[in-house]
Amino acid sequence: MNTSAPMLFACSKCFARHPFEELSSGQQLCKECRGAFPVVKCTYCRSEFQQTTKGSTSTICKKCEQNVKAFGKPTACEYCNIIAAFIGNKCQRCTNSEIKYGPPVNCEQCKQKCAFDRQDDDKKVDGKLLCWLCTLSFKRALAKTKQGDAERRAHLKMTQMRQAKEKHKEGKLRGHNKRPHRLDVTKIPVADSDNGPSNKIARNNAGPGLVRGELDPNSSDHVVAMTQLKEQIASLQKQLSNKDSQLLGKDKMITELKAKHFTTENELRNKMNAAQKQHDDKCQQLNSKIQSLLKEIASLSKINKRDRLSIARENANSGSGTDSPSTQ
C-alpha cells in the first residue's frame with residue numbers, strides 16, 4: 001500500500017474525490033461545482049453561501065430557512081441592525097460574541113455599537129476595530145483591488161511581450177537587410193577579347209566599383225531611414241507607456257471612488273436606521289405615556305363620581321332629619 005499518496009475527499013455535490021485543499025471550506029465543494037452554482041448573500045443573516053441547485057432564486061441559507069420554519073420571520077438585531085434576531089432582540093452572532101468577548105463597542109467604520117473587542121491586535125482589520133459587516137465589506141473591496149492590480153500587471157506583461165516580439169522581428173529584418181548582395185555573374189556584359197588588355201583593366205577598375213556602389217546597404221539613405229524608424233518606434237513606445245500609466249491611475253481612482261461611495265452609502269444607511277430606531281423608541285414612549293394618562297383620567301373620574309354620590313346621600317339624610325320634628 002502506497003502511504004505517500006495524498007488522501008482524497010469526496011465533493012458533497014458530485015461526490016468526485018479531490019485533495020482536501022481543493023474543496024471549499026463551507027460546503028466542501030470542488031472547483032467545478034463552485035463554478036456551476038453561484039455564491040449569493042443570505043437575506044437575513046447576510047452571510048455568503050453557495051446555492052445547491054441550478055437556476056434557484058432562493059437567497060436564504062439553510063440555517064435561516066430552518067429558523068424561519070421554527071420561530072417565524074426574524075426582527076432587527078438591537079446591536080448590528082441585521083434582520084436575523086429569531087429569538088429575543090439579538091441575533092445569534094451578536095449573542096455568542098457578547099458571551100465570549102463582553103458588551104459591544106463602537107465600530108470605527110460605521111460608528112454603530114456593534115463591534116466586539118477581542119483584545120487582540122491581530123484580529124483587527126487594517127489596525128481598526130470593525131464590526132462583522134464592515135469587515136466583510138473591507139475584505140471584499142481589498143479582493144477587488146488585488147484582482148484589478150493582477151489584471152493590470154497581466155496587461156503590462158502582455159504589452160511588454162508584444163513589444164519584445166516586435167523588436168525581435170525588427171532585428172531579424174535589419175539583419176536580413178544588412179546581408180551582402182552577391183553579384184550575378186550572368187548579367188555582367190562580357191567584352192570581346194579583341195579589345196586588348198586596356199579594356200580589361202578599365203573593366204576591372206570601373207565595373208565592380210559601380211556595382212558595389214549601387215548595391216551597398218550601408219549607404220547614407222539607408223542609415224537615415226533606419227534612424228527615422230528607430231526614433232518613431234521609441235516615440236510610440238513612450239506614448240504607449242504613458243497611456244498605460246494613465247490607465248493605471250484612472251483604475252486606481254475608480255477603485256478609490258467606489259470605496260468612498262460604498263463608505264458614504266453605508267454611513268447614510270446606518271444614520272437612517274439609527275433615526276428610524278430613535279423615532280420608534282420615541283413613539284413607544286409617547287404611547288406608553290398616553291396610556292398612563294388615560295388610566296389616571298379614568299381613575300380620577302371614578303373618584304369624582306364616588307364623591308358626588310356620597311355628597312348626594314349626605315344631603316338626602318340631612319333633609320330627612322329636619323322634616324321629622326315638624327311632623328310631630
# chains A, B, ... in the order shown; residues from 1 in each chain; ligands from 1
$ residues_around --residues "A:Leu29" --least-positions-apart "4" --cutoff "8 Å" --atoms "only C-alpha atoms" --output "list in words"
Cys11, Ser12, Lys13, Leu23, Ser24, Cys33 and Arg34 of chain A
$ residues_around --residues "A:Gly127" --least-positions-apart "6" --cutoff "12 Å" --atoms "only C-alpha atoms" --output "list in words"
Glu108, Gln109, Asp120, Asp121 and Thr135 of chain A
$ closest_residue --among "A:Asn270, A:Cys30, A:Phe86, A:Ile303" --to "A:Gln66" --atoms "only C-alpha atoms"
A:Phe86
$ residues_around --residues "stretch 240-249 of chain A" --least-positions-apart "2" --cutoff "10 Å" --atoms "only C-alpha atoms" --output "PyMOL selection string"
chain A and resi 148-149+152-153+155-156+159-160+234-238+251-255
$ closest_residue --among "A:Ala10, A:Cys283, A:Cys45, A:Leu129" --to "A:Pro74" --atoms "only C-alpha atoms"
A:Cys45
$ closest_residue --among "A:Met161, A:Ile233, A:Ala274, A:Cys80" --to "A:Trp132" --atoms "only C-alpha atoms"
A:Cys80
$ residues_around --residues "A:Pro103" --least-positions-apart "3" --cutoff "10 Å" --atoms "only C-alpha atoms" --output "number ranges by chain"
A: 79, 94-95, 97-100, 113-117
$ closest_residue --among "A:Glu170, A:Ser301, A:Lys250, A:Ala141" --to "A:Met226" --atoms "only C-alpha atoms"
A:Glu170
$ atom_distance --atom1 "atom CA of A:Lys73" --atom2 "atom CA of A:Glu267"
26.4 Å
$ closest_residue --among "A:Lys282, A:Arg140, A:Lys302, A:Lys230" --to "A:Glu48" --atoms "only C-alpha atoms"
A:Arg140
